[in-house]
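Peer 1: I have a structure here, written as C-alpha cells, and I will follow up with some questions on it.
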Amino acid sequence: MRKVEAVEERGAVGSDLRGRVSNRRGWVWLALQLNNLVPKISIPSSIQMPALETTIDIDGLPEDHARPPDCDQQLAESRAIPPPAGVARLRVPETEIEMNQLRPSPSLEVSNANVPADDRYLAYHHLSSEEALRRLLATADEILAEHRKTALEKLSIWTSIFRTISIVTLVLALALIAYYVHAVIVSSPYQHRATGALVEGCLLIAIVLWNIWLHRREARLTATEMVMRIQSIVDEVRQNGINHKQDLRIPTAIPTVSVTRVIRDRAIYTIPFNLLVEDDVIQLAYGDIAPCRIQYVYSHFDIAPGQAAPQYFLEKGEIFKPSLFGTPTDPVVFRRATLNEGQFHFRVTETPLRDMLKAALNFKRPETVLAQQLNVLKVMFSRRGLWIVLAMALVINALRYGIPAASNPQRRDQATEMLLALPVYAVLPLLPLMLPTLILVARTYGNAHILSTFDALQISKTQFEDTESVDEFDAAPPPMKDLGVDWGAVWKRFVDQLVKVDITFLARTTGLVDSLANTTVICAIDREGTISAPIPSVEQLFLLNESEDPILLDVATDLSEPGVRFEDRDWMQYMAHLKPLGLNILLNTDCGARTGRRRPELHRKSNQMHLHGRVKASRQTCMCQLGREIGFTTDALTTFNMRKAVQTFAPCHASVGQLTDYHFEIPSLFSQIFEETSSGTTQLFSEGSMEVVLECCGDYWNGGGLGDITENIEKRIYDFYQNAIIMDFQVVAYSYRPIQNAAALPFLFNTNPSAPVYLELLEPFDASGPTSAQPSPTTSVTDIGELSYSSRPLARLRMRPTRRKVLSRIDAPHAMRGVEEKAVYQEVVKGQTFLGMASFSFQPKAVGYRVEGQQSVCSVARYFDINMVQNIIDFIEDMGLAGIRFVYFSSAPERESKAYAERLGLEQDWNSCILLSSSDGPGPGYLEEHDMKAKLPRGVENIRDHIQNVDDVPLHVSLFAECSPYSIREMVRIFQEHGEVVLCVGSSLNDMNVDSFAMADISVSVDPLSSIKSRGAPHNGPIAPLVVGAMFATVPCALSLHSDTSIYSLSQIIREARTIADNGRQGFFFHLCCQLSLTLIILLSYCLLLPPILSGYQIMWLIWILVPIVSFSFLFTPHSDDAMTVMVVKNNDHLRDRWRFFWYWAARFSVPIILCIAVFILSLSRFLTGTESTSVFGKFGETSWMHLTEAEQWALLYAQNCTAFAWLFYIIIISATFLTRVTPLKSNPPYQNKPWLITSLLAIILQLAFFAVSVSRPYTSPAASLKDLPWWLYVLAFVGGPVLIVPVQELVKVHDGREWARFQKRCKLEFNTKL
C-alpha cells in the first residue's frame, strides 16, 4: 500500500489557508492541504478575531452550562476552611485552593514507581512495607495453621486400618499361617507347600501394612496439599520479600487485573488486591472497584480529633461512585476531592487474603470420573464379588472334603488345606492389594507426562499444525505441535512427585490427568487477557462530511504485514478527513512514535488518566499503527514539542447516573498542548469520552472546512455511539484547536511538561437526568427506541435543544493576561473542533508465530501470516468436535454479551443466552422476543428448578450474561451436579476468580500480562508484587498459561490426558480381567476335583508383579487420530453397561481359561507317569494331601509352573489386542508401543526365571522334567492357543466398536440438541 510522505514545506501554506477561514464564525480551525496525498500541516500564526460574546463565570464555563445548585455553597464552604500552616495556595479568580496532598508524580507507573510525600503533606496514617508484609504473612500463617489442624483432626488411622479389604486380607493371612502350623504338625513327609503358605501369609500382612501406610499418607497429602502449596508461597515470600520497585507500566484499565494504589513508606505503590492488609490506606478514584470492605478516611486537615463525621463504606467488588457521598455531595468530601484532584483515600477494614485463602481451602472438588468408576467396582467386588467367590470356594471344598473324609478317615487331616488354604487362593486374585500402588505409579507417570508436555508447549516456538491425512471437508482434530517426549524431564517429574511430593500442580485434589481427559465444559470466567487481547483494538472510524452525513471506515488487522489496514478500498478519498485525526492519534501517544520507534504488536499507552477516574480500556490503546497507515512518517512529527498535558474530568456529568456497572466510567478528556517549531504555532490535541468532547466542541471538521454542530449532527454522533455500545464497542472521540496568543502564556514553556494539569468540570449530578435524548428519526425503534437499562447505557444523556457555540476567552487578544494558570487551562480545553470518533472492541485472542529467516518470533499481536494463526474462535469450534462445550460467563448486559459472543463464534440463535442476574434486579430481563417466548430462567437461583421441572437448556447454553462471581460459582456447581466435568479458565490477576477456580474440577489460569511469566521460576531476591499476587490468586489452579502461549496448548494436553486416561482405563480393565480369569480357573479346578492348580505365591507373583508390569505399559500406547473427535463420558451414572463388559470378559478369556486347565491336567498326568497316583481328578494322592510323596509334590509343582507360564503367555497375547479398545489389531499393531513390547518380553523372561527358581531345591533332585511333556502339548499350548484367542478378541472388539459408535451418536445428538 502506498504510504503518504510528509514534507517540510509547511510555512507556505499558511497564507493560502487564511483566506478559507469563515468570517461568520470568526474561528481558528485546522487546515490541511492535499497535494499528491502529502499531509501539509500548518496553522496560521496570527488571525484577528472578533470579541467573543459570551460570559464566563468563575469556573470558566459559559452561562448555558448548568451548575449544581449547591455548587456555590460548597465552594464557599471550601473557602471558609482555612488551610493548615505551611500549605501553599494556588490563586485563581475569586477563589483559592490548597495544593494537592500526596499527589502522585508522573512516574507512578514507570521504573521504581514510588511517589515520595513530604511529612507536612502526609495527611493519613499508613503502614510501612515491613509492617504490612508482617501482617500479611501472619494472616496466612493463622489461616494455614487453623486449616491444617482441622484437616488432620478429621484423619484417623483407624479409617485406614478398619477397611473391608484390610480386615479380610488379615483374616486370610491368619488362615494361611494356621494351615502352615497344621501342616508342620501332621504332614509326613513334609509338604513344602506349607512353607509357601507361611511366606504367603507374611506377604499378605506386609502388603496390608504397606497399604495402610500408603492410604494414610495419601489421605494426609490430599487433605493438606492445598495447605502445603500455600505454605510454600508464604515461605518463599518470607524468605525473599516483596520488591516494590516496579519495572513495568501496570495497566489498571484492564478489569482482569485487580490492582490498587496503596500508601506505604510515605510513597504510593500499585499492588494487587490480595496484598492489602487491615489498616492499609488506599487511593481510589471514581469508578475504581473496592478490593474489600473499606471505609472513607478523612484527612487530618478536614476533621479535628474527636469531631463527628459521616462514615462511608464500600463492600468488596462495589464500584466507587459519586453517589456514595449522597446528593448533594458532602461539602467536606467535595472540598477534599478538589484538593486531591479526584483521588479519595480509604482505610482497609479487613485483609483480603484471609477470605481468598479460606475460599481456596474450604471448597471440595467432586471426585473424578475414574475415582467414581473405581468406587463402583470397589462396591461390586468388596461387597458382592469377594463374598460370592469365597462362599463358592468354601461350599465346593467343603463338599470335596466332607464326602471323601466320611468314607476315608485318612483324608481328614487335609481339612485345613481344603477349608482354609484353597478358599484363600480362590479369592486371592480378587483382592486389590496392589491396586493402590499401581494407581499411584500410573497417576504419577501421567502427571509427569502432562506437566512435561505442558512445559514444552510453553517454551516451544514451533507451529501448531493440522494433520495432513485429514480431508479439509471432514471434521478434523485441532492442530497440534510435534513435540518429542523429554524422558529425562518426565523421570525428574516422576521422582519429584514420589519422593519430594511435588504440590505445584495439585495432583491429588484436582486429579490432573483424569479431569483433563474427561473435561466436558470449559468455562471462561473473564475476558481481557484470557480469551481476548488485554486491550481493545480499533474497529471503525466515524467522520462527518459537508452534507452532515457520517463516514464510516472499517479498520482491520493486516494479516500479511504487521499493522492495520482500512477495509474500504476507497478510503484514500477521505484523506482530508483523516489527516487531522491521524496527527492527533500520533501525537497523543507515548509509545515512541514521535521518535521513530515502530511497534508492530497491539500495545498500550499510558496517560495516567486512571489516577483521577475510571476510563475505558480503549483510552489506553495506542493507535500509532493507524496513524502511520494514514501516511504520517516520523519526520512529520519531529517538529512538534509537547508543552503541557491537561486531564479533564466530569464526575458530576449527567451521564454518570445513567450508566450500569458494566459501562461505568467518568467522562473525561485528555489534551496535550504542542508547539510546532517550524511555524511557531501552539495547538491542542484532545481525545476522550464522547460526552465531554462534544461539550467542548462547537464545530466539526468536514474535510474541507468547519461546520456547525447542529442538532442533526449531534444526533448522528449519538446514534453511532449508542449502536457501538450495544455492539459491546468502546468509543473514543477526538478534537483539536489552535491556541492563539500562546506567547502571552509563559508558563506553557517554563513548567515541567510531564506534570499534567488536573481539571474538573462541574456538572449537575441527577440520577434521573435533567433532559432526555431523543432517538434519531433515521434510527429504527429496535436499535435505539427500545433500549433499556441493560442495553441503553446512555439513553438519557443530556442533549441541548439549541446548541450555543462553546467559545473560549483564550482566543480574545489580551483576554487572559493576569489570569492564573489553572483558569487558563480551563479556557484552553473549550472551543475545540470535533474531528471524529473511533470504536474499539475486544477481539478474540490470537497467538501465532511470524517466521523471520531461521528465527521464529512469538507474539500476541493480531497480525500474523494467515497460515500461522491459532485463535480462540477455532479453538472453540475444535472443542465442540471433541465434545467439550465452551461456556462464556459475561458480566455485560445481554446485548453486549451476545455481540462479543458473536465475535467468539458462539451460537446466537434462540435459547443462546441466559441471564444470571436476579429476577428482581434493576435490569429489564430478556430483550429478544424468542427468549421471552422460550421462558428462559433468569437468575442463578432459578436454574435448578428450571432444569428439574422444564428442560435442560441451561446445561446446553454457551453464554451467560450479567454474571457475578457468586452466580458463576453456583453455575459451575450446577454443571457438576449434572455430571459435567468443568475446566475453568480465567485471569491469574483477578482475585474474583478464586472461588470459581476452587469450585471447578480443574482450573487453568492465564497471565494477562507478560511481566508475570517468571512466577514459576525460582527467585533469588525480592519478588515483584504482581508475581506474588498471581501466586496467591492461582492457588487452586493446576496449570498456568503464559500470556503469549496459544490456547491450543490446552487442546494438546487434553489430547495427551485423554490418551493416558484411555490407555490407563484399558490397562486397568485388562488387569481386572486377569484377576477374574485366575479366580475362575481356580474355581473350575475345584469343581473338577483337581489339586491346587496354582500356589499362593505363584498367584501373588502373577497378579502383584507381572500383570501390573504389562498393564502399566498400556500407558505408552500412542494416541489415536480420533482422540479429539470423540465424546467422553460424564461424571454420573457410572459403568451403566458393566454387565456388557462382563460378557466381553467371559468371551475373551474363555479360551485361555480352558487351555490353562487343559495344560495343567495334561502336564500333571504326564509328570505323574511312573508314580503311584493313577488319576488327577479327585484321587490325587494315595491317602491325603498331607502325605504326598516327593515325586507327587514335584509333579504338582512342575504342573503349576507350566500352567502359570501358559497363562502368562496367553494374557500377553490378549494384551496385544487390549492396547486399543475398538481399533483392529491390523490398524494398530502392538509393536508401535515399544514399552509394551519390552515389558512383554521382560515378563516372559521373569516367568522363566521364576520357574527355574521355584523348581530348584538345594540338595534335592527333581523327580519331574519338562522332557516328560509330549511335543503336541507344546503345539497345542503355544500355537493353537494364539490361533484360537486372537480371532475371538477381534470379534469382541467389532461388537464393542458398534456399541461405541452408537454411544457416540447418542452423545453428539444430546450435545448438539437444545429442547
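Chain labels follow the order of the C-alpha cells: the first chain is A, the next B, and so on; residue numbering restarts at 1 in every chain, and ligands are counted from 1 in their shown order.
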Could you pull out all residues of segment 854-1062 of chain A with a DSSP call of alpha helix (DSSP H) and give them as a PyMOL selection string?
Peer 2: chain A and resi 872-881+894-904+929-934+943-949+965-977+994-999+1025-1033+1048-1062
Peer 1: Okay, now the selection with C-alpha atoms, as a compact mmCIF listing (two decimals), in the first residue's frame?
Peer 2:
```
# COMPACT_ATOMS: atom_id res chain seq x y z
CA ILE A 872 -9.88 -18.69 20.28
CA ILE A 873 -12.58 -18.93 17.60
CA ASP A 874 -11.03 -22.01 16.02
CA PHE A 875 -10.31 -23.40 19.46
CA ILE A 876 -13.99 -23.19 20.44
CA GLU A 877 -15.03 -24.95 17.25
CA ASP A 878 -12.46 -27.69 17.73
CA MET A 879 -13.51 -28.20 21.33
CA GLY A 880 -17.09 -28.67 20.16
CA LEU A 881 -15.93 -31.50 17.91
CA GLU A 894 -27.48 -9.30 27.36
CA ARG A 895 -26.99 -7.47 24.05
CA GLU A 896 -23.38 -6.56 24.74
CA SER A 897 -22.69 -10.16 25.76
CA LYS A 898 -24.27 -11.51 22.60
CA ALA A 899 -22.26 -9.07 20.49
CA TYR A 900 -18.98 -10.30 21.94
CA ALA A 901 -20.14 -13.93 21.85
CA GLU A 902 -20.80 -13.50 18.14
CA ARG A 903 -17.19 -12.44 17.67
CA LEU A 904 -16.20 -15.59 19.55
CA GLU A 929 -38.83 -11.92 21.66
CA HIS A 930 -37.83 -15.55 21.11
CA ASP A 931 -36.09 -15.60 24.52
CA MET A 932 -39.25 -14.30 26.18
CA LYS A 933 -41.40 -16.93 24.46
CA ALA A 934 -38.94 -19.67 25.44
CA ILE A 943 -31.70 -22.59 37.24
CA ARG A 944 -32.10 -25.79 39.27
CA ASP A 945 -35.90 -25.60 39.31
CA HIS A 946 -35.95 -24.96 35.58
CA ILE A 947 -33.77 -28.00 34.86
CA GLN A 948 -35.86 -30.20 37.13
CA ASN A 949 -39.32 -29.06 36.01
CA PRO A 965 -18.61 -14.12 40.92
CA TYR A 966 -21.29 -15.76 43.07
CA SER A 967 -23.52 -16.66 40.11
CA ILE A 968 -20.54 -18.07 38.20
CA ARG A 969 -19.59 -20.26 41.14
CA GLU A 970 -23.16 -21.51 41.51
CA MET A 971 -23.46 -22.25 37.81
CA VAL A 972 -20.25 -24.26 37.94
CA ARG A 973 -21.74 -26.22 40.82
CA ILE A 974 -24.92 -26.85 38.80
CA PHE A 975 -22.85 -28.14 35.89
CA GLN A 976 -21.10 -30.54 38.24
CA GLU A 977 -24.36 -31.71 39.78
CA VAL A 994 -10.54 -17.67 43.27
CA ASP A 995 -13.92 -19.08 44.28
CA SER A 996 -14.63 -20.38 40.80
CA PHE A 997 -11.10 -21.74 40.48
CA ALA A 998 -11.56 -23.67 43.70
CA MET A 999 -15.02 -24.94 42.74
CA PRO A 1025 4.07 -7.63 43.78
CA LEU A 1026 2.23 -8.79 40.66
CA VAL A 1027 4.02 -12.11 40.81
CA VAL A 1028 3.15 -12.58 44.48
CA GLY A 1029 -0.46 -11.59 43.83
CA ALA A 1030 -0.71 -14.06 40.96
CA MET A 1031 0.81 -16.81 43.10
CA PHE A 1032 -1.88 -16.36 45.75
CA ALA A 1033 -4.74 -15.86 43.27
CA TYR A 1048 -4.32 -24.63 21.68
CA SER A 1049 -1.86 -25.78 24.32
CA LEU A 1050 -4.94 -26.76 26.31
CA SER A 1051 -6.26 -28.90 23.47
CA GLN A 1052 -2.93 -30.69 23.18
CA ILE A 1053 -2.66 -31.53 26.86
CA ILE A 1054 -6.31 -32.59 26.83
CA ARG A 1055 -5.46 -34.95 23.99
CA GLU A 1056 -2.47 -36.27 25.92
CA ALA A 1057 -4.62 -36.65 29.03
CA ARG A 1058 -7.32 -38.47 27.06
CA THR A 1059 -4.73 -40.80 25.61
CA ILE A 1060 -3.22 -41.56 29.00
CA ALA A 1061 -6.63 -41.96 30.63
CA ASP A 1062 -7.94 -44.25 27.89
```
Peer 1: Using Å and a single decimal, report how far atom CA of Met1186 of chain A sits from atom CA of Val184 of chain A.
Peer 2: 9.5 Å
Peer 1: Given the choices A:Gln843, A:Gln410, A:Asn545, A:Ser1227, which gets closest to Thr557 of chain A if the distance is worked out from only C-alpha atoms?
Peer 2: A:Gln843
Peer 1: Using only C-alpha atoms, which of the listed residues (A:Ala1249, A:Ala1243, A:Leu1089, A:Ala654) sits closest to Phe1177 of chain A?
Peer 2: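 The closest residue to Phe1177 of chain A is A:Leu1089.
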Peer 1: For Gln540 of chain A, work out the shell of residues within 6 Å, counting only C-alpha atoms and skipping chain neighbours fewer than 6 positions away, then give it as a PyMOL selection string.
Peer 2: chain A and resi 553-555+838-839
Peer 1: Just checking: using only C-alpha atoms, which residue out of A:Ala1147, A:Val538, A:Ile585, A:Leu1248 ends up closest to Leu602 of chain A?
Peer 2: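 Closest to Leu602 of chain A of all the choices is A:Val538.
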Peer 1: Excluding same-chain residues fewer than 5 positions from Ala1038 of chain A, what lies within 12 Å of it counting only C-alpha atoms, as a VMD selection string?
Peer 2: chain A and resid 225 to 226 229 447 450 to 451 454 502 to 513 515 to 516 983 to 985 988 997 to 998 1000 to 1006 1031
Peer 1: Need to verify the contact set: segment 284-291 of chain A, 7 Å, only C-alpha atoms, exclusion of same-chain residues closer than 5 positions in sequence. Can you return it as a PDB file with N, CA and C atoms, in the first residue's frame?
Peer 2:
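Output contents, as saved in result-v7.pdb:
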```
ATOM      1  N   PHE A 273      -4.848  -6.633  44.813  1.00  0.00           N
ATOM      2  CA  PHE A 273      -5.793  -6.568  45.922  1.00  0.00           C
ATOM      3  C   PHE A 273      -5.382  -7.470  47.077  1.00  0.00           C
ATOM      4  N   LEU A 314     -17.569   0.992  51.527  1.00  0.00           N
ATOM      5  CA  LEU A 314     -17.735   0.246  50.283  1.00  0.00           C
ATOM      6  C   LEU A 314     -17.460  -1.227  50.570  1.00  0.00           C
ATOM      7  N   GLU A 315     -18.292  -2.092  50.006  1.00  0.00           N
ATOM      8  CA  GLU A 315     -18.106  -3.522  50.161  1.00  0.00           C
ATOM      9  C   GLU A 315     -17.237  -4.071  49.021  1.00  0.00           C
ATOM     10  N   LYS A 316     -16.757  -5.260  49.207  1.00  0.00           N
ATOM     11  CA  LYS A 316     -15.879  -5.872  48.213  1.00  0.00           C
ATOM     12  C   LYS A 316     -16.591  -5.984  46.869  1.00  0.00           C
ATOM     13  N   GLY A 317     -15.902  -5.568  45.820  1.00  0.00           N
ATOM     14  CA  GLY A 317     -16.442  -5.640  44.480  1.00  0.00           C
ATOM     15  C   GLY A 317     -17.360  -4.509  44.105  1.00  0.00           C
ATOM     16  N   GLU A 318     -17.660  -3.604  45.029  1.00  0.00           N
ATOM     17  CA  GLU A 318     -18.553  -2.489  44.740  1.00  0.00           C
ATOM     18  C   GLU A 318     -17.791  -1.383  44.016  1.00  0.00           C
ATOM     19  N   ILE A 319     -18.460  -0.767  43.045  1.00  0.00           N
ATOM     20  CA  ILE A 319     -17.844   0.312  42.291  1.00  0.00           C
ATOM     21  C   ILE A 319     -17.990   1.619  43.055  1.00  0.00           C
ATOM     22  N   PHE A 320     -16.902   2.337  43.146  1.00  0.00           N
ATOM     23  CA  PHE A 320     -16.879   3.626  43.845  1.00  0.00           C
ATOM     24  C   PHE A 320     -17.494   4.683  42.933  1.00  0.00           C
ATOM     25  N   LYS A 321     -18.679   5.156  43.307  1.00  0.00           N
ATOM     26  CA  LYS A 321     -19.409   6.135  42.513  1.00  0.00           C
ATOM     27  C   LYS A 321     -19.607   7.423  43.319  1.00  0.00           C
ATOM     28  N   PRO A 322     -19.835   8.540  42.618  1.00  0.00           N
ATOM     29  CA  PRO A 322     -20.092   9.791  43.349  1.00  0.00           C
ATOM     30  C   PRO A 322     -21.306   9.717  44.253  1.00  0.00           C
ATOM     31  N   GLY A 342      -9.431  14.467  42.490  1.00  0.00           N
ATOM     32  CA  GLY A 342     -10.229  13.290  42.207  1.00  0.00           C
ATOM     33  C   GLY A 342      -9.757  12.022  42.871  1.00  0.00           C
ATOM     34  N   GLN A 343      -8.793  12.121  43.766  1.00  0.00           N
ATOM     35  CA  GLN A 343      -8.284  10.941  44.459  1.00  0.00           C
ATOM     36  C   GLN A 343      -8.807  10.923  45.893  1.00  0.00           C
ATOM     37  N   PHE A 344      -9.409   9.794  46.269  1.00  0.00           N
ATOM     38  CA  PHE A 344     -10.008   9.634  47.591  1.00  0.00           C
ATOM     39  C   PHE A 344      -9.237   8.553  48.336  1.00  0.00           C
ATOM     40  N   HIS A 345      -9.223   8.679  49.646  1.00  0.00           N
ATOM     41  CA  HIS A 345      -8.458   7.748  50.468  1.00  0.00           C
ATOM     42  C   HIS A 345      -9.402   6.940  51.359  1.00  0.00           C
ATOM     43  N   LEU A 611      -5.687   7.610  37.287  1.00  0.00           N
ATOM     44  CA  LEU A 611      -5.397   8.068  38.640  1.00  0.00           C
ATOM     45  C   LEU A 611      -6.493   8.969  39.175  1.00  0.00           C
ATOM     46  N   HIS A 612      -7.292   9.543  38.301  1.00  0.00           N
ATOM     47  CA  HIS A 612      -8.292  10.524  38.725  1.00  0.00           C
ATOM     48  C   HIS A 612      -9.710  10.073  38.444  1.00  0.00           C
ATOM     49  N   GLY A 613      -9.901   8.991  37.756  1.00  0.00           N
ATOM     50  CA  GLY A 613     -11.237   8.493  37.465  1.00  0.00           C
ATOM     51  C   GLY A 613     -11.152   7.330  36.510  1.00  0.00           C
ATOM     52  N   ARG A 614     -12.146   6.485  36.584  1.00  0.00           N
ATOM     53  CA  ARG A 614     -12.134   5.291  35.744  1.00  0.00           C
ATOM     54  C   ARG A 614     -12.359   5.673  34.284  1.00  0.00           C
ATOM     55  N   PHE A 664     -19.812   1.717  33.391  1.00  0.00           N
ATOM     56  CA  PHE A 664     -19.498   2.887  34.203  1.00  0.00           C
ATOM     57  C   PHE A 664     -18.084   3.406  33.908  1.00  0.00           C
ATOM     58  N   GLU A 665     -18.005   4.686  33.709  1.00  0.00           N
ATOM     59  CA  GLU A 665     -16.746   5.406  33.597  1.00  0.00           C
ATOM     60  C   GLU A 665     -17.006   6.866  33.915  1.00  0.00           C
ATOM     61  N   ILE A 666     -15.951   7.583  34.213  1.00  0.00           N
ATOM     62  CA  ILE A 666     -16.052   9.008  34.475  1.00  0.00           C
ATOM     63  C   ILE A 666     -15.755   9.740  33.171  1.00  0.00           C
TER      64      ILE A 666
END
```
Peer 1: Just checking: using only C-alpha atoms, which residue out of A:Ile1047, A:Gly1067, A:Ala138, A:Gln1289 ends up closest to Trp1145 of chain A?
Peer 2: A:Gln1289
Peer 1: Compile the contact shell of Leu209 of chain A as a list in words: residues with an atom at most 9 Å away, counting only C-alpha atoms, same-chain residues fewer than 4 positions apart removed.
Peer 2: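 Those residues are Ile161, Ser166, Leu204, Ile205, Trp213 and Leu214 of chain A.
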Peer 1: Please write the residues from the selection above to a file, keeping N, CA, C and O atoms, as a PDB file, in the first residue's frame.
Peer 2:
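Below is the file that was written, result-v1.pdb:
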```pdb
ATOM      1  N   ILE A 161      -7.076 -48.567  58.843  1.00  0.00           N
ATOM      2  CA  ILE A 161      -6.931 -49.956  59.283  1.00  0.00           C
ATOM      3  C   ILE A 161      -8.225 -50.733  59.087  1.00  0.00           C
ATOM      4  O   ILE A 161      -8.248 -51.810  58.502  1.00  0.00           O
ATOM      5  N   SER A 166      -8.687 -54.567  54.113  1.00  0.00           N
ATOM      6  CA  SER A 166      -7.605 -54.796  55.074  1.00  0.00           C
ATOM      7  C   SER A 166      -7.969 -55.887  56.066  1.00  0.00           C
ATOM      8  O   SER A 166      -7.161 -56.797  56.365  1.00  0.00           O
ATOM      9  N   LEU A 204       1.023 -61.237  52.783  1.00  0.00           N
ATOM     10  CA  LEU A 204      -0.283 -60.585  52.902  1.00  0.00           C
ATOM     11  C   LEU A 204      -0.276 -59.563  54.037  1.00  0.00           C
ATOM     12  O   LEU A 204      -0.811 -58.456  53.894  1.00  0.00           O
ATOM     13  N   ILE A 205       0.297 -59.932  55.151  1.00  0.00           N
ATOM     14  CA  ILE A 205       0.374 -58.988  56.262  1.00  0.00           C
ATOM     15  C   ILE A 205       1.219 -57.778  55.891  1.00  0.00           C
ATOM     16  O   ILE A 205       0.880 -56.620  56.187  1.00  0.00           O
ATOM     17  N   TRP A 213      -0.229 -47.766  55.361  1.00  0.00           N
ATOM     18  CA  TRP A 213       0.670 -46.597  55.356  1.00  0.00           C
ATOM     19  C   TRP A 213       0.432 -45.722  54.130  1.00  0.00           C
ATOM     20  O   TRP A 213       0.368 -44.498  54.226  1.00  0.00           O
ATOM     21  N   LEU A 214       0.273 -46.366  52.972  1.00  0.00           N
ATOM     22  CA  LEU A 214       0.059 -45.606  51.735  1.00  0.00           C
ATOM     23  C   LEU A 214      -1.283 -44.879  51.765  1.00  0.00           C
ATOM     24  O   LEU A 214      -1.368 -43.715  51.338  1.00  0.00           O
TER      25      LEU A 214
END
```
Peer 1: Quick one: DSSP strand (DSSP E or B) residues in segment 939-1133 of chain A, as a ChimeraX atom specification?
Peer 2: /A:959-961,982-987,1002-1006,1023,1039-1041
Peer 1: Can you pull out every residue within 8 Å of Ala882 of chain A, counting only C-alpha atoms, but drop anything in the same chain fewer than 3 positions away, and send it as a list in words?
Peer 2: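 Counting only C-alpha atoms, the residues come to Pro477, Asp878, Met879, Ala1123, Met1124, Thr1125, Val1126 and Met1127 of chain A.
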Peer 1: Could the residues in this selection be written to a file with C-alpha atoms, as an mmCIF file, in the first residue's frame?
Peer 2:
```
data_model
loop_
_atom_site.group_PDB
_atom_site.id
_atom_site.type_symbol
_atom_site.label_atom_id
_atom_site.label_comp_id
_atom_site.auth_asym_id
_atom_site.auth_seq_id
_atom_site.Cartn_x
_atom_site.Cartn_y
_atom_site.Cartn_z
ATOM 1 C CA PRO A 477 -8.955 -32.664 15.166
ATOM 2 C CA ASP A 878 -12.456 -27.690 17.733
ATOM 3 C CA MET A 879 -13.511 -28.201 21.328
ATOM 4 C CA ALA A 1123 -8.755 -38.768 20.336
ATOM 5 C CA MET A 1124 -10.090 -35.206 19.954
ATOM 6 C CA THR A 1125 -13.181 -36.012 17.922
ATOM 7 C CA VAL A 1126 -14.948 -38.366 20.331
ATOM 8 C CA MET A 1127 -17.352 -37.637 23.159
#
```
Peer 1: When you count only C-alpha atoms, which of these residues is closest to Cys591 of chain A: A:Ser735, A:Tyr190, A:Gln573, A:Cys624?
Peer 2: A:Cys624
Peer 1: So how many Å separate atom CA of Glu1310 of chain A and atom CA of Pro893 of chain A, to one decimal?
Peer 2: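 Interatomic distance here is 28.6 Å.
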Peer 1: Find, counting only C-alpha atoms, the residue in A:Ile268, A:Leu669, A:Leu544, A:Ile439 that gets nearest to Asp699 of chain A.
Peer 2: A:Leu544
Peer 1: What does the structure give for the distance between atom CA of Trp1143 of chain A and atom CA of Arg1221 of chain A, in Å to one decimal?
Peer 2: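 Distance reported for this atom pair: 15.2 Å.
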